[in-house]
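Structure file work-v5.cif with mmCIF, N, CA and C atoms and all ligand atoms:
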```cif
data_target
#
loop_
_atom_site.label_atom_id
_atom_site.label_comp_id
_atom_site.auth_asym_id
_atom_site.auth_seq_id
_atom_site.Cartn_x
_atom_site.Cartn_y
_atom_site.Cartn_z
N MET A 30 -22.30 12.78 -4.86
CA MET A 30 -20.94 12.54 -5.31
C MET A 30 -20.03 12.42 -4.08
N SER A 31 -19.19 11.40 -4.10
CA SER A 31 -18.33 11.19 -2.95
C SER A 31 -17.09 12.09 -3.01
N GLU A 32 -16.52 12.28 -1.85
CA GLU A 32 -15.32 13.10 -1.74
C GLU A 32 -14.12 12.32 -2.28
N ARG A 33 -13.16 13.05 -2.82
CA ARG A 33 -11.97 12.40 -3.37
C ARG A 33 -10.72 12.89 -2.67
N VAL A 34 -9.73 12.04 -2.66
CA VAL A 34 -8.44 12.40 -2.05
C VAL A 34 -7.33 12.08 -3.05
N LYS A 35 -6.27 12.89 -3.00
CA LYS A 35 -5.11 12.66 -3.86
C LYS A 35 -3.96 12.16 -3.01
N PHE A 36 -3.25 11.18 -3.54
CA PHE A 36 -2.04 10.68 -2.89
C PHE A 36 -1.06 10.32 -3.99
N SER A 37 0.15 9.97 -3.61
CA SER A 37 1.11 9.58 -4.64
C SER A 37 1.60 8.15 -4.40
N PHE A 38 1.89 7.48 -5.51
CA PHE A 38 2.45 6.14 -5.48
C PHE A 38 3.56 6.09 -6.52
N ARG A 39 4.76 5.78 -6.05
CA ARG A 39 5.94 5.81 -6.93
C ARG A 39 6.05 7.14 -7.65
N GLY A 40 5.67 8.21 -6.96
CA GLY A 40 5.77 9.54 -7.53
C GLY A 40 4.64 9.92 -8.46
N GLN A 41 3.71 9.01 -8.68
CA GLN A 41 2.57 9.28 -9.57
C GLN A 41 1.36 9.70 -8.74
N GLU A 42 0.71 10.77 -9.11
CA GLU A 42 -0.48 11.22 -8.39
C GLU A 42 -1.67 10.31 -8.74
N ILE A 43 -2.38 9.89 -7.69
CA ILE A 43 -3.55 9.03 -7.85
C ILE A 43 -4.71 9.66 -7.09
N VAL A 44 -5.89 9.61 -7.67
CA VAL A 44 -7.11 10.12 -7.03
C VAL A 44 -7.92 8.91 -6.56
N ALA A 45 -8.32 8.95 -5.29
CA ALA A 45 -9.08 7.85 -4.70
C ALA A 45 -10.37 8.39 -4.08
N GLU A 46 -11.25 7.48 -3.77
CA GLU A 46 -12.46 7.85 -3.04
C GLU A 46 -12.11 7.99 -1.56
N ALA A 47 -12.63 9.00 -0.91
CA ALA A 47 -12.40 9.16 0.53
C ALA A 47 -12.89 7.91 1.25
N GLY A 48 -12.09 7.44 2.17
CA GLY A 48 -12.46 6.25 2.94
C GLY A 48 -11.94 4.95 2.35
N GLN A 49 -11.41 4.99 1.15
CA GLN A 49 -10.87 3.77 0.55
C GLN A 49 -9.59 3.36 1.27
N SER A 50 -9.33 2.07 1.25
CA SER A 50 -8.04 1.60 1.76
C SER A 50 -6.98 1.89 0.71
N VAL A 51 -5.73 1.91 1.16
CA VAL A 51 -4.62 2.09 0.22
C VAL A 51 -4.67 0.98 -0.83
N GLY A 52 -4.92 -0.24 -0.40
CA GLY A 52 -4.97 -1.37 -1.33
C GLY A 52 -6.05 -1.21 -2.38
N ALA A 53 -7.23 -0.83 -1.96
CA ALA A 53 -8.34 -0.65 -2.91
C ALA A 53 -8.03 0.48 -3.88
N ALA A 54 -7.44 1.56 -3.37
CA ALA A 54 -7.11 2.69 -4.23
C ALA A 54 -6.05 2.30 -5.26
N LEU A 55 -5.05 1.52 -4.82
CA LEU A 55 -4.01 1.10 -5.77
C LEU A 55 -4.58 0.16 -6.83
N ILE A 56 -5.42 -0.77 -6.41
CA ILE A 56 -6.03 -1.69 -7.38
C ILE A 56 -6.90 -0.91 -8.37
N ALA A 57 -7.68 0.05 -7.86
CA ALA A 57 -8.54 0.85 -8.74
C ALA A 57 -7.72 1.65 -9.75
N ALA A 58 -6.48 1.97 -9.37
CA ALA A 58 -5.59 2.72 -10.26
C ALA A 58 -4.80 1.80 -11.19
N GLY A 59 -5.04 0.48 -11.09
CA GLY A 59 -4.41 -0.45 -12.01
C GLY A 59 -3.18 -1.15 -11.49
N HIS A 60 -2.85 -0.94 -10.23
CA HIS A 60 -1.67 -1.60 -9.65
C HIS A 60 -2.10 -2.91 -9.00
N ARG A 61 -1.35 -3.96 -9.22
CA ARG A 61 -1.69 -5.27 -8.65
C ARG A 61 -0.65 -5.74 -7.63
N SER A 62 0.54 -5.21 -7.67
CA SER A 62 1.56 -5.60 -6.70
C SER A 62 2.40 -4.39 -6.34
N TRP A 63 2.86 -4.36 -5.07
CA TRP A 63 3.66 -3.23 -4.59
C TRP A 63 4.63 -3.68 -3.49
N ARG A 64 4.81 -4.95 -3.34
CA ARG A 64 5.79 -5.46 -2.40
C ARG A 64 6.50 -6.63 -3.05
N THR A 65 7.75 -6.84 -2.65
CA THR A 65 8.47 -8.02 -3.11
C THR A 65 8.88 -8.82 -1.89
N THR A 66 8.92 -10.14 -2.06
CA THR A 66 9.29 -11.01 -0.94
C THR A 66 10.79 -10.93 -0.68
N ARG A 67 11.18 -11.20 0.58
CA ARG A 67 12.59 -11.11 0.96
C ARG A 67 13.46 -12.09 0.20
N ARG A 68 13.03 -13.33 0.11
CA ARG A 68 13.90 -14.37 -0.45
C ARG A 68 13.96 -14.33 -1.98
N ASP A 69 12.80 -14.29 -2.61
CA ASP A 69 12.76 -14.43 -4.07
C ASP A 69 12.47 -13.14 -4.82
N GLY A 70 12.09 -12.10 -4.12
CA GLY A 70 11.72 -10.86 -4.81
C GLY A 70 10.43 -11.02 -5.60
N ALA A 71 9.59 -11.97 -5.18
CA ALA A 71 8.33 -12.22 -5.89
C ALA A 71 7.33 -11.09 -5.58
N PRO A 72 6.55 -10.71 -6.58
CA PRO A 72 5.59 -9.61 -6.38
C PRO A 72 4.41 -10.02 -5.50
N ARG A 73 3.97 -9.08 -4.67
CA ARG A 73 2.81 -9.31 -3.80
C ARG A 73 1.94 -8.06 -3.78
N GLY A 74 0.65 -8.29 -3.54
CA GLY A 74 -0.32 -7.20 -3.39
C GLY A 74 -1.38 -7.67 -2.42
N VAL A 75 -2.62 -7.33 -2.66
CA VAL A 75 -3.71 -7.79 -1.79
C VAL A 75 -3.98 -9.27 -2.06
N PHE A 76 -4.01 -10.06 -0.98
CA PHE A 76 -4.35 -11.48 -1.10
C PHE A 76 -5.62 -11.75 -0.30
N CYS A 77 -5.55 -11.63 1.04
CA CYS A 77 -6.74 -11.93 1.85
C CYS A 77 -7.70 -10.73 1.89
N GLY A 78 -7.15 -9.55 1.93
CA GLY A 78 -7.98 -8.34 1.97
C GLY A 78 -8.60 -8.03 3.32
N ILE A 79 -8.22 -8.80 4.35
CA ILE A 79 -8.80 -8.59 5.68
C ILE A 79 -7.75 -8.49 6.78
N GLY A 80 -6.51 -8.24 6.42
CA GLY A 80 -5.48 -8.00 7.43
C GLY A 80 -4.83 -9.22 8.03
N VAL A 81 -4.99 -10.38 7.43
CA VAL A 81 -4.47 -11.60 8.01
C VAL A 81 -3.13 -12.03 7.40
N CYS A 82 -2.97 -11.92 6.10
CA CYS A 82 -1.82 -12.53 5.43
C CYS A 82 -0.56 -11.66 5.38
N PHE A 83 -0.68 -10.38 5.51
CA PHE A 83 0.45 -9.43 5.44
C PHE A 83 1.13 -9.41 4.08
N ASP A 84 0.48 -9.91 3.05
CA ASP A 84 1.06 -9.84 1.70
C ASP A 84 1.07 -8.42 1.16
N CYS A 85 0.22 -7.57 1.68
CA CYS A 85 0.00 -6.25 1.07
C CYS A 85 0.84 -5.14 1.69
N LEU A 86 1.90 -5.50 2.44
CA LEU A 86 2.68 -4.48 3.14
C LEU A 86 3.19 -3.41 2.18
N VAL A 87 3.16 -2.18 2.66
CA VAL A 87 3.50 -1.03 1.84
C VAL A 87 4.12 0.03 2.76
N VAL A 88 4.84 0.94 2.16
CA VAL A 88 5.45 2.04 2.91
C VAL A 88 4.53 3.26 2.79
N VAL A 89 4.06 3.75 3.93
CA VAL A 89 3.16 4.92 3.95
C VAL A 89 3.87 6.06 4.66
N ASN A 90 4.11 7.12 3.96
CA ASN A 90 4.78 8.31 4.52
C ASN A 90 6.08 7.93 5.24
N GLY A 91 6.84 7.05 4.61
CA GLY A 91 8.14 6.65 5.13
C GLY A 91 8.11 5.54 6.15
N LYS A 92 6.94 5.05 6.52
CA LYS A 92 6.82 4.00 7.52
C LYS A 92 6.44 2.68 6.85
N PRO A 93 7.36 1.69 6.88
CA PRO A 93 7.07 0.40 6.25
C PRO A 93 6.16 -0.46 7.13
N GLY A 94 5.74 -1.56 6.56
CA GLY A 94 4.98 -2.54 7.31
C GLY A 94 3.52 -2.18 7.50
N ARG A 95 2.99 -1.28 6.71
CA ARG A 95 1.56 -0.93 6.80
C ARG A 95 0.78 -1.87 5.90
N ARG A 96 -0.28 -2.41 6.43
CA ARG A 96 -1.13 -3.29 5.62
C ARG A 96 -2.03 -2.44 4.74
N ALA A 97 -1.83 -2.52 3.45
CA ALA A 97 -2.58 -1.68 2.51
C ALA A 97 -4.07 -1.96 2.56
N CYS A 98 -4.44 -3.20 2.91
CA CYS A 98 -5.86 -3.54 2.91
C CYS A 98 -6.60 -2.93 4.10
N LEU A 99 -5.86 -2.52 5.14
CA LEU A 99 -6.49 -1.98 6.35
C LEU A 99 -6.22 -0.50 6.55
N THR A 100 -5.31 0.07 5.78
CA THR A 100 -4.89 1.45 5.98
C THR A 100 -5.70 2.38 5.09
N GLU A 101 -6.38 3.33 5.69
CA GLU A 101 -7.17 4.29 4.90
C GLU A 101 -6.23 5.26 4.22
N VAL A 102 -6.46 5.50 2.95
CA VAL A 102 -5.66 6.47 2.22
C VAL A 102 -6.12 7.87 2.61
N LEU A 103 -5.13 8.73 2.92
CA LEU A 103 -5.44 10.09 3.36
C LEU A 103 -4.85 11.09 2.37
N PRO A 104 -5.42 12.28 2.29
CA PRO A 104 -4.91 13.29 1.35
C PRO A 104 -3.42 13.55 1.58
N GLY A 105 -2.67 13.54 0.49
CA GLY A 105 -1.25 13.85 0.56
C GLY A 105 -0.35 12.69 0.95
N ASP A 106 -0.93 11.52 1.20
CA ASP A 106 -0.10 10.36 1.55
C ASP A 106 0.92 10.09 0.45
N VAL A 107 2.11 9.70 0.88
CA VAL A 107 3.15 9.27 -0.06
C VAL A 107 3.33 7.78 0.14
N ILE A 108 2.92 7.01 -0.85
CA ILE A 108 2.95 5.55 -0.77
C ILE A 108 4.08 5.05 -1.66
N GLU A 109 4.86 4.12 -1.11
CA GLU A 109 5.96 3.53 -1.88
C GLU A 109 5.90 2.01 -1.74
N PRO A 110 6.42 1.30 -2.74
CA PRO A 110 6.49 -0.16 -2.63
C PRO A 110 7.39 -0.55 -1.46
N GLN A 111 7.22 -1.77 -0.98
CA GLN A 111 8.06 -2.27 0.10
C GLN A 111 8.83 -3.49 -0.36
N GLU A 112 10.12 -3.50 -0.02
CA GLU A 112 10.97 -4.65 -0.33
C GLU A 112 11.01 -5.53 0.90
N GLY A 113 10.58 -6.76 0.81
CA GLY A 113 10.60 -7.69 1.93
C GLY A 113 9.81 -7.14 3.11
N ALA A 114 10.45 -7.21 4.30
CA ALA A 114 9.76 -6.78 5.51
C ALA A 114 9.99 -5.29 5.80
N GLY A 115 10.72 -4.60 4.95
CA GLY A 115 11.00 -3.19 5.19
C GLY A 115 12.03 -3.05 6.29
N ARG A 116 12.22 -1.88 6.76
CA ARG A 116 13.18 -1.65 7.85
C ARG A 116 12.47 -1.90 9.17
N GLY A 117 12.92 -2.92 9.87
CA GLY A 117 12.24 -3.38 11.06
C GLY A 117 12.04 -2.33 12.13
N GLU A 118 13.00 -1.42 12.27
CA GLU A 118 12.88 -0.44 13.35
C GLU A 118 11.72 0.53 13.13
N LEU A 119 11.24 0.59 11.90
CA LEU A 119 10.13 1.50 11.62
C LEU A 119 8.81 0.76 11.46
N SER A 120 8.87 -0.57 11.47
CA SER A 120 7.65 -1.34 11.28
C SER A 120 6.79 -1.31 12.53
N CYS A 121 5.52 -1.57 12.32
CA CYS A 121 4.63 -1.70 13.47
C CYS A 121 3.77 -2.93 13.29
S1 LIG B 201 -4.15 -8.49 1.91
FE1 LIG B 201 -3.80 -9.83 3.55
S2 LIG B 201 -3.17 -8.51 5.15
FE2 LIG B 201 -3.63 -7.16 3.54
#
```

Could you show the structure in this file as structure tokens?
Amino acid sequence: MSERVKFSFRGQEIVAEAGQSVGAALIAAGHRSWRTTRRDGAPRGVFCGIGVCFDCLVVVNGKPGRRACLTEVLPGDVIEPQEGAGRGELSC
């Protein structure tokens, strides 16, 4: 049996498999989008799944601009949706 980790998304507790990416954990929990585009507010989630398109940007523990497809979910992480590019000064 694999280890599990708990994190929150929009204040909802989610249980994921240890080692899963944030994107995979959100999809497994039934979420398909967690970012909106700057211009149109269109929903975005995982598209390429390999860190190239940046469609999956999400806020992790208050830091925007994290690629959900490449970021490992850790116990206690607080994940929030991201609007557009997020706050640039905190992006990486
Ligand atoms: S889905 Fe393309 S960078 Fe994450």

Self-check item: Counting only C-alpha atoms, the residue of A:Gly74, A:Pro93, A:Gly105, A:Pro110 that sits nearest Ile56 in chain A
Solution: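 Selected residue with least distance to Ile56 in chain A: A:Gly74.
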
Quiz item: Rounded to one decimal in Å, what is the spacing between atom N of Asp106 in chain A and atom N of Lys35 in chain A?
Solution: 6.9 Å

Quiz item: Which of these residues is nearest to Ala58 in chain A, using only N, CA and C atoms: A:Cys98, A:Val34, A:Ala71, A:Val44?
Solution: A:Val44

Practice problem: For ligand LIG 201 (chain B), collect every residue having any atom at a distance of at most 7 Å from a ligand atom (counting only N, CA and C atoms and all ligand atoms); output as a PyMOL selection string. | Solution: chain A and resi 74-86+96-99

Quiz item: How far is it from atom N of Gly48 in chain A to CA of Pro104 in chain A, in Å with one decimal?
Solution: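 Spanning atom N of Gly48 in chain A to CA of Pro104 in chain A is a straight-line distance of 9.3 Å.
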
Quiz prompt | Selected residue of minimal separation from Leu55 in chain A among A:Ile43, A:Arg67, A:Arg95, A:Glu112, counting only C-alpha atoms | solution =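 Using only C-alpha atoms, the shortest distance to Leu55 in chain A belongs to A:Ile43.
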
Practice problem: Check chain A with DSSP on the backbone and list each residue it calls alpha helix (DSSP H), as an NGL selection string. | Solution: :A and (51-57)

Quiz item: Quick one: distance from atom C of Val51 in chain A to CA of Gly91 in chain A in Å, one decimal?
Solution: 15.2 Å

Exercise. Select from chain A everything DSSP, run on the backbone, classes as strand (DSSP E or B), then give the selection as JSON, numbers by chain.
Key: {"A": [33, 34, 35, 36, 37, 38, 41, 42, 43, 44, 45, 46, 50, 64, 65, 72, 73, 86, 87, 88, 89, 92, 93, 94, 95, 96, 101, 107, 108, 109, 111, 112]}

Next, the residues of the selection above should be written as a CSV table (one decimal), keeping the file's coordinate frame with N, CA and C atoms.
```
chain,number,residue,atom,x,y,z
A,33,ARG,N,-13.2,13.0,-2.8
A,33,ARG,CA,-12.0,12.4,-3.4
A,33,ARG,C,-10.7,12.9,-2.7
A,34,VAL,N,-9.7,12.0,-2.7
A,34,VAL,CA,-8.4,12.4,-2.0
A,34,VAL,C,-7.3,12.1,-3.0
A,35,LYS,N,-6.3,12.9,-3.0
A,35,LYS,CA,-5.1,12.7,-3.9
A,35,LYS,C,-4.0,12.2,-3.0
A,36,PHE,N,-3.2,11.2,-3.5
A,36,PHE,CA,-2.0,10.7,-2.9
A,36,PHE,C,-1.1,10.3,-4.0
A,37,SER,N,0.2,10.0,-3.6
A,37,SER,CA,1.1,9.6,-4.6
A,37,SER,C,1.6,8.2,-4.4
A,38,PHE,N,1.9,7.5,-5.5
A,38,PHE,CA,2.4,6.1,-5.5
A,38,PHE,C,3.6,6.1,-6.5
A,41,GLN,N,3.7,9.0,-8.7
A,41,GLN,CA,2.6,9.3,-9.6
A,41,GLN,C,1.4,9.7,-8.7
A,42,GLU,N,0.7,10.8,-9.1
A,42,GLU,CA,-0.5,11.2,-8.4
A,42,GLU,C,-1.7,10.3,-8.7
A,43,ILE,N,-2.4,9.9,-7.7
A,43,ILE,CA,-3.6,9.0,-7.8
A,43,ILE,C,-4.7,9.7,-7.1
A,44,VAL,N,-5.9,9.6,-7.7
A,44,VAL,CA,-7.1,10.1,-7.0
A,44,VAL,C,-7.9,8.9,-6.6
A,45,ALA,N,-8.3,9.0,-5.3
A,45,ALA,CA,-9.1,7.8,-4.7
A,45,ALA,C,-10.4,8.4,-4.1
A,46,GLU,N,-11.2,7.5,-3.8
A,46,GLU,CA,-12.5,7.8,-3.0
A,46,GLU,C,-12.1,8.0,-1.6
A,50,SER,N,-9.3,2.1,1.2
A,50,SER,CA,-8.0,1.6,1.8
A,50,SER,C,-7.0,1.9,0.7
A,64,ARG,N,4.8,-5.0,-3.3
A,64,ARG,CA,5.8,-5.5,-2.4
A,64,ARG,C,6.5,-6.6,-3.0
A,65,THR,N,7.8,-6.8,-2.6
A,65,THR,CA,8.5,-8.0,-3.1
A,65,THR,C,8.9,-8.8,-1.9
A,72,PRO,N,6.6,-10.7,-6.6
A,72,PRO,CA,5.6,-9.6,-6.4
A,72,PRO,C,4.4,-10.0,-5.5
A,73,ARG,N,4.0,-9.1,-4.7
A,73,ARG,CA,2.8,-9.3,-3.8
A,73,ARG,C,1.9,-8.1,-3.8
A,86,LEU,N,1.9,-5.5,2.4
A,86,LEU,CA,2.7,-4.5,3.1
A,86,LEU,C,3.2,-3.4,2.2
A,87,VAL,N,3.2,-2.2,2.7
A,87,VAL,CA,3.5,-1.0,1.8
A,87,VAL,C,4.1,0.0,2.8
A,88,VAL,N,4.8,0.9,2.2
A,88,VAL,CA,5.4,2.0,2.9
A,88,VAL,C,4.5,3.3,2.8
A,89,VAL,N,4.1,3.8,3.9
A,89,VAL,CA,3.2,4.9,4.0
A,89,VAL,C,3.9,6.1,4.7
A,92,LYS,N,6.9,5.0,6.5
A,92,LYS,CA,6.8,4.0,7.5
A,92,LYS,C,6.4,2.7,6.8
A,93,PRO,N,7.4,1.7,6.9
A,93,PRO,CA,7.1,0.4,6.2
A,93,PRO,C,6.2,-0.5,7.1
A,94,GLY,N,5.7,-1.6,6.6
A,94,GLY,CA,5.0,-2.5,7.3
A,94,GLY,C,3.5,-2.2,7.5
A,95,ARG,N,3.0,-1.3,6.7
A,95,ARG,CA,1.6,-0.9,6.8
A,95,ARG,C,0.8,-1.9,5.9
A,96,ARG,N,-0.3,-2.4,6.4
A,96,ARG,CA,-1.1,-3.3,5.6
A,96,ARG,C,-2.0,-2.4,4.7
A,101,GLU,N,-6.4,3.3,5.7
A,101,GLU,CA,-7.2,4.3,4.9
A,101,GLU,C,-6.2,5.3,4.2
A,107,VAL,N,2.1,9.7,0.9
A,107,VAL,CA,3.2,9.3,-0.1
A,107,VAL,C,3.3,7.8,0.1
A,108,ILE,N,2.9,7.0,-0.8
A,108,ILE,CA,3.0,5.6,-0.8
A,108,ILE,C,4.1,5.0,-1.7
A,109,GLU,N,4.9,4.1,-1.1
A,109,GLU,CA,6.0,3.5,-1.9
A,109,GLU,C,5.9,2.0,-1.7
A,111,GLN,N,7.2,-1.8,-1.0
A,111,GLN,CA,8.1,-2.3,0.1
A,111,GLN,C,8.8,-3.5,-0.4
A,112,GLU,N,10.1,-3.5,0.0
A,112,GLU,CA,11.0,-4.6,-0.3
A,112,GLU,C,11.0,-5.5,0.9
```

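Nearest-residue note for Arg64 in chain A: choosing from A:Val107, A:Arg33, A:Val88, A:Glu46, the minimum distance belongs to A:Val88, counting only N, CA and C atoms.
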
Using only C-alpha atoms, which protein or nucleic acid residues come within 7 Å of Thr65 in chain A? Drop anything in the same chain fewer than 5 positions from it, and give the result as a PDB file with N, CA and C atoms, in the coordinates of the input.
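That gives us out21.pdb:
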```
ATOM      1  N   GLY A  70      12.090 -12.100  -4.120  1.00  0.00           N
ATOM      2  CA  GLY A  70      11.720 -10.860  -4.810  1.00  0.00           C
ATOM      3  C   GLY A  70      10.430 -11.020  -5.600  1.00  0.00           C
ATOM      4  N   ALA A  71       9.590 -11.970  -5.180  1.00  0.00           N
ATOM      5  CA  ALA A  71       8.330 -12.220  -5.890  1.00  0.00           C
ATOM      6  C   ALA A  71       7.330 -11.090  -5.580  1.00  0.00           C
ATOM      7  N   PRO A  72       6.550 -10.710  -6.580  1.00  0.00           N
ATOM      8  CA  PRO A  72       5.590  -9.610  -6.380  1.00  0.00           C
ATOM      9  C   PRO A  72       4.410 -10.020  -5.500  1.00  0.00           C
ATOM     10  N   ARG A  73       3.970  -9.080  -4.670  1.00  0.00           N
ATOM     11  CA  ARG A  73       2.810  -9.310  -3.800  1.00  0.00           C
ATOM     12  C   ARG A  73       1.940  -8.060  -3.780  1.00  0.00           C
ATOM     13  N   GLN A 111       7.220  -1.770  -0.980  1.00  0.00           N
ATOM     14  CA  GLN A 111       8.060  -2.270   0.100  1.00  0.00           C
ATOM     15  C   GLN A 111       8.830  -3.490  -0.360  1.00  0.00           C
ATOM     16  N   GLU A 112      10.120  -3.500  -0.020  1.00  0.00           N
ATOM     17  CA  GLU A 112      10.970  -4.650  -0.330  1.00  0.00           C
ATOM     18  C   GLU A 112      11.010  -5.530   0.900  1.00  0.00           C
ATOM     19  N   GLY A 113      10.580  -6.760   0.810  1.00  0.00           N
ATOM     20  CA  GLY A 113      10.600  -7.690   1.930  1.00  0.00           C
ATOM     21  C   GLY A 113       9.810  -7.140   3.110  1.00  0.00           C
TER      22      GLY A 113
END
```

Quiz item: Using all atoms listed in the file, which of A:Ala45, A:Val87, A:Thr66, A:Ala54 sits nearest Ile108 in chain A?
Solution: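 When distances to Ile108 in chain A are compared using all atoms listed in the file, the smallest one comes from A:Val87.
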
Take the structure in the block and write a file for range 44-89 of chain A, C-alpha atoms, as a tab-separated table (two decimals), in the first residue's frame.
```
chain	number	residue	atom	x	y	z
A	44	VAL	CA	-5.89	12.86	-0.06
A	45	ALA	CA	-3.25	12.05	-2.68
A	46	GLU	CA	-0.67	9.37	-3.28
A	47	ALA	CA	2.80	10.30	-2.06
A	48	GLY	CA	4.91	11.42	-4.99
A	49	GLN	CA	1.98	12.57	-7.12
A	50	SER	CA	2.15	15.92	-8.82
A	51	VAL	CA	-0.29	18.60	-7.73
A	52	GLY	CA	-1.91	18.33	-11.16
A	53	ALA	CA	-2.37	14.57	-10.98
A	54	ALA	CA	-3.76	14.82	-7.45
A	55	LEU	CA	-6.25	17.52	-8.47
A	56	ILE	CA	-7.39	15.55	-11.51
A	57	ALA	CA	-7.76	12.39	-9.40
A	58	ALA	CA	-9.95	14.42	-7.03
A	59	GLY	CA	-12.19	15.48	-9.92
A	60	HIS	CA	-10.83	18.96	-10.66
A	61	ARG	CA	-10.14	19.79	-14.30
A	62	SER	CA	-9.26	23.49	-14.14
A	63	TRP	CA	-7.69	25.74	-11.50
A	64	ARG	CA	-6.39	28.75	-13.40
A	65	THR	CA	-8.04	31.44	-15.46
A	66	THR	CA	-6.44	33.32	-18.32
A	67	ARG	CA	-5.60	37.02	-17.92
A	68	ARG	CA	-7.57	38.31	-20.89
A	69	ASP	CA	-10.69	36.16	-21.05
A	70	GLY	CA	-10.82	34.42	-17.69
A	71	ALA	CA	-10.95	31.11	-19.56
A	72	PRO	CA	-10.42	27.98	-17.43
A	73	ARG	CA	-7.13	26.10	-17.65
A	74	GLY	CA	-5.66	22.96	-16.10
A	75	VAL	CA	-3.19	20.34	-17.27
A	76	PHE	CA	-2.60	20.51	-21.04
A	77	CYS	CA	0.88	19.22	-21.94
A	78	GLY	CA	1.61	17.54	-18.62
A	79	ILE	CA	5.38	17.93	-19.09
A	80	GLY	CA	6.11	21.49	-17.99
A	81	VAL	CA	6.11	23.17	-21.39
A	82	CYS	CA	2.79	25.02	-21.81
A	83	PHE	CA	2.36	26.69	-18.38
A	84	ASP	CA	-1.41	26.19	-18.59
A	85	CYS	CA	-1.44	24.47	-15.21
A	86	LEU	CA	-0.13	27.34	-13.07
A	87	VAL	CA	-1.36	27.21	-9.50
A	88	VAL	CA	-0.69	28.90	-6.18
A	89	VAL	CA	1.17	26.62	-3.74
```
